[in-house]
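Undergrad: The structure under discussion is supplied below as structure tokens; questions concerning it will follow.
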Amino acid sequence: MPLHLNTAGLAPVADRLAADLAALSEYADPDAPGWSREVFSEPYRAERVWIRDRMRDAGLETTTDAAGNVVGRLPGTHGGPPLVTGSHTDTVHGGGRFDGIVGVLGGIEAARRIRETGTHLAHDLLVVDFLGEEANRFGISCMGSRSLAGILTPGHLARTDSTGLRLGEAMQNFGADPDRALGLGWGANTMHAYVELHVEQGPLLEQHGIPIGVVTAIAGIERLLATFRGRADHAGTMPMGQRHDALIAAAEAVLTIERVGCGAPVHGVTTTGRIESSPGVYNIVPDEAKIWAETRSVDHTWLSGVRHTLAGQIAGEAAQRGVEVDVEWLNDQDPVLASRSVQDVIAQAADTLGIPWMPVPSGAGHDAAHMAHLGPMGMIFIPSRGGRSHCPEEWTDLSQLVTGTHVLATTLAQLDGSVLSP
């Protein structure tokens with residue numbers, strides 16, 4: 001920890017944070033609901049110019065790397081592996097104003113307060129606005145952090161959207177260099193620590209009346225595409241008991257997926273987000289249907305087991321209806337434990353400031369899960385009203401953002417002088 005650190009002095013300027021949040025909220029797609037700012041969109045392009053300007057105003061040296069990550073650097077006195085914080089500023093379609101955004105604005109404000117108070121860190125401090133964290137039309141999330149972690153692949157860049165545009169082409173059109181992004185990985189143990197401020201996106205902190213969550217683990221995600229093949233028949237003449245209805249089999253699978261999620265012993269959720277059927281008319285029994293679903297958990301054993309048992313249950317139930325099913329699995333990420341030593345420093349920072357905290361798991365995916373490949377990782381959660389997120393109603397009070405940013409700045413200062421283990 002820097003000598004003579006005045007932790008109270010690292011408190012953020014509330015009016016400045018509020019003004020930044022309001023200004024960033026102006027960059028949104030006027031033809032989409034909520035505060036939509038999807039990756040590669042024009043509002044996203046424009047607001048990242050604004051982010052670079054805010055980083056410079058905060059006294060940070062600013063660059064944009066080959067993967068499209070916007071990086072602000074506050075030089076340290078001794079160099080070495082950097083301290084890193086940040087998050088993302090893209091949103092889902094119809095998203096809100098806080099998911100990811102508080103981590104970028106909070107990181108900029110924390111770096112500014114460290115500089116303004118004359119607090120000299122030994123390590124460089126990097127604040128990163130990662131490219132494309134949210135799920136998108138290319139089916140690949142966390143593009144920028146995957147690149148830094150060295151796990152962005154040519155297969156990812158070859159993915160296409162509904163128009164046939166490849167992700168690599170979209171990145172290039174956006175000003176990134178996809179070929180160089182493949183070799184951008186920093187390498188293991190090249191980062192002193194990473195800590196990300198984020199809204200919880202769930203209800204636990206609000207329900208317990210606790211202002212700070214110390215994240216223990218980030219959930220793993222297994223996604224499935226199930227294709228059901230039945231038989232088309234006349235909807236008016238084929239008796240109910242003799243049908244091979246692909247859509248009914250798919251609907252039954254949706255309920256099975258829900259039931260499995262409700263039965264998780266510790267932490268687990270399941271969601272079916274999309275269903276389609278053909279031929280898609282009233283008077284023909286559907287001969288094909290597809291569902292897209294996912295399971296999430298911080299429990300690796302449960303998540304692995306669900307992958308095998310769920311496919312068997314879906315196939316068995318479909319077979320009783322004379323319907324065949326193919327299940328294709330896509331692993332998005334494995335569960336990732338937060339560094340115990342970083343968790344301890346976050347908790348100590350909150351204790352130093354007299355702020356209550358509690359340990360919480362993260363059911364959402366984050367750039368932090370990929371940055372964990374590079375060194376010790378931790379996350380700080382602040383409450384989400386009603387647990388709402390990925391919707392226009394997403395809300396976190398300014399006072400809660402101020403508290404989280406204060407804990408973030410104090411954590412960064414304390415991490416600077418800490419010897420950390422994974």
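Lettering and numbering for the structure tokens are positional, with chains as A, B, ... in the shown order, residues counted from 1 in each chain, and ligands counted from 1 in the shown order.
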Extract, using only C-alpha atoms, all DNA, RNA and protein residues at most 10 Å from A:Ala219, discarding same-chain residues fewer than 5 positions from it, and format them as a count of residues only.

TA: 22

Undergrad: Go through stretch 166-404 of chain A and collect every residue that DSSP, computed from the backbone, puts in strand (DSSP E); the answer should be as an mmCIF file with C-alpha atoms, in the first residue's frame.

TA:
data_model
loop_
_atom_site.group_PDB
_atom_site.id
_atom_site.type_symbol
_atom_site.label_atom_id
_atom_site.label_comp_id
_atom_site.auth_asym_id
_atom_site.auth_seq_id
_atom_site.Cartn_x
_atom_site.Cartn_y
_atom_site.Cartn_z
ATOM 1 C CA ALA A 193 -4.097 -7.937 -10.324
ATOM 2 C CA TYR A 194 -7.416 -7.217 -11.979
ATOM 3 C CA VAL A 195 -10.446 -5.879 -10.105
ATOM 4 C CA GLU A 196 -13.750 -4.952 -11.743
ATOM 5 C CA LEU A 197 -16.554 -2.841 -10.326
ATOM 6 C CA HIS A 198 -19.969 -3.990 -11.562
ATOM 7 C CA VAL A 199 -23.642 -3.873 -10.717
ATOM 8 C CA ILE A 212 -20.870 -4.096 -1.296
ATOM 9 C CA GLY A 213 -20.550 -7.614 -2.647
ATOM 10 C CA VAL A 214 -17.192 -9.373 -2.768
ATOM 11 C CA VAL A 215 -17.481 -11.798 -5.668
ATOM 12 C CA THR A 216 -16.387 -15.341 -4.884
ATOM 13 C CA ALA A 217 -16.766 -16.901 -8.349
ATOM 14 C CA ILE A 218 -18.100 -16.234 -11.833
ATOM 15 C CA GLY A 220 -19.687 -21.116 -16.005
ATOM 16 C CA ILE A 221 -22.052 -21.150 -18.979
ATOM 17 C CA GLU A 222 -23.121 -24.111 -21.108
ATOM 18 C CA ARG A 223 -25.357 -23.290 -24.074
ATOM 19 C CA LEU A 224 -27.365 -25.757 -26.130
ATOM 20 C CA LEU A 225 -29.176 -25.847 -29.437
ATOM 21 C CA ALA A 226 -31.726 -28.661 -29.586
ATOM 22 C CA THR A 227 -33.287 -29.551 -32.962
ATOM 23 C CA PHE A 228 -36.482 -31.638 -32.884
ATOM 24 C CA ARG A 229 -37.600 -33.551 -35.983
ATOM 25 C CA VAL A 269 -29.988 -21.360 -13.293
ATOM 26 C CA THR A 270 -31.348 -22.413 -16.661
ATOM 27 C CA THR A 271 -33.014 -20.322 -19.338
ATOM 28 C CA THR A 272 -34.575 -20.996 -22.723
ATOM 29 C CA GLY A 273 -34.297 -17.781 -24.682
ATOM 30 C CA ARG A 274 -35.555 -18.707 -28.126
ATOM 31 C CA ILE A 275 -37.837 -21.218 -29.850
ATOM 32 C CA GLU A 276 -38.700 -21.696 -33.530
ATOM 33 C CA SER A 277 -40.832 -24.153 -35.470
ATOM 34 C CA SER A 278 -41.674 -24.994 -39.046
ATOM 35 C CA GLU A 288 -39.274 -29.364 -36.937
ATOM 36 C CA ALA A 289 -38.572 -27.133 -33.967
ATOM 37 C CA LYS A 290 -35.466 -25.629 -32.368
ATOM 38 C CA ILE A 291 -34.731 -24.229 -28.942
ATOM 39 C CA TRP A 292 -31.765 -22.223 -27.705
ATOM 40 C CA ALA A 293 -31.068 -22.529 -23.983
ATOM 41 C CA GLU A 294 -28.320 -22.225 -21.411
ATOM 42 C CA THR A 295 -27.327 -23.433 -17.966
ATOM 43 C CA ARG A 296 -25.158 -21.451 -15.557
ATOM 44 C CA SER A 297 -23.517 -22.250 -12.250
ATOM 45 C CA GLU A 324 -36.008 -37.321 -32.832
ATOM 46 C CA VAL A 325 -33.730 -34.702 -31.316
ATOM 47 C CA ASP A 326 -30.151 -33.583 -31.820
ATOM 48 C CA VAL A 327 -28.522 -31.589 -29.016
ATOM 49 C CA GLU A 328 -25.496 -29.427 -29.816
ATOM 50 C CA TRP A 329 -23.567 -27.954 -26.900
ATOM 51 C CA LEU A 330 -21.425 -24.838 -26.895
ATOM 52 C CA ASN A 331 -19.260 -24.146 -23.858
ATOM 53 C CA ASP A 332 -19.106 -20.387 -23.412
ATOM 54 C CA GLN A 333 -16.888 -20.471 -20.320
ATOM 55 C CA VAL A 336 -13.913 -19.141 -12.583
ATOM 56 C CA LEU A 337 -13.004 -18.635 -8.938
ATOM 57 C CA TRP A 357 -19.960 -6.236 2.638
ATOM 58 C CA MET A 358 -20.936 -9.814 1.947
ATOM 59 C CA PRO A 359 -19.573 -12.596 -0.292
ATOM 60 C CA VAL A 360 -21.683 -13.239 -3.406
ATOM 61 C CA PRO A 361 -21.378 -15.421 -6.512
ATOM 62 C CA SER A 362 -21.832 -13.947 -9.981
ATOM 63 C CA MET A 377 -8.755 -11.451 -10.333
ATOM 64 C CA GLY A 378 -11.519 -10.034 -8.180
ATOM 65 C CA MET A 379 -14.826 -8.201 -8.551
ATOM 66 C CA ILE A 380 -16.782 -5.679 -6.501
ATOM 67 C CA PHE A 381 -20.581 -5.711 -6.777
ATOM 68 C CA ILE A 382 -22.971 -2.897 -5.931
#

Undergrad: Per DSSP on the backbone, filter stretch 54-126 of chain A down to the residues in alpha helix (DSSP H) and report them as a ChimeraX atom specification.

TA: /A:54-57,101-116

Undergrad: One decimal, Å: what's the distance from atom CA of A:Pro43 over to atom CA of A:Pro30, could you say?

TA: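 Spanning atom CA of A:Pro43 to atom CA of A:Pro30 is a straight-line distance of 9.2 Å.
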
Undergrad: I'd like the neighbourhood of stretch 156-170 of chain A as a ChimeraX atom specification, where a residue qualifies if any of its atoms comes within 10 Å (using only C-alpha atoms), though same-chain residues fewer than 2 positions away should be ignored.

TA: /A:39-40,136-141,143,151-154,172-179,181-182

Undergrad: Can you pull out the residues contacting A:Asp233? Cut-off 12 Å, using only C-alpha atoms, and skip same-chain residues under 6 positions away; I want them as a count of residues only.

TA: 17

Undergrad: Counting only C-alpha atoms, what is within 12 Å of A:Thr63, bar same-chain residues fewer than 5 positions away, as a list in words?

TA: Arg48, Val49, Ile51, Arg52, Asp53, Met55, Arg56, Gly68, Asn69, Val70, Val71, Gly72, Arg73, Leu74, Leu126, Val127, Val128 and Asp129 of chain A

Undergrad: What is the distance between atom CA of A:Ala311 and atom CA of A:Glu134, in Å to one decimal?

TA: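 Going from atom CA of A:Ala311 over to atom CA of A:Glu134, I get 26.6 Å.
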
Undergrad: Between A:Leu10, A:Val407, A:Val84, A:Ala253, which residue has the minimum interatomic distance to A:Pro376, considering only C-alpha atoms?

TA: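 The shortest atom-to-atom distance to A:Pro376 comes from A:Val84.
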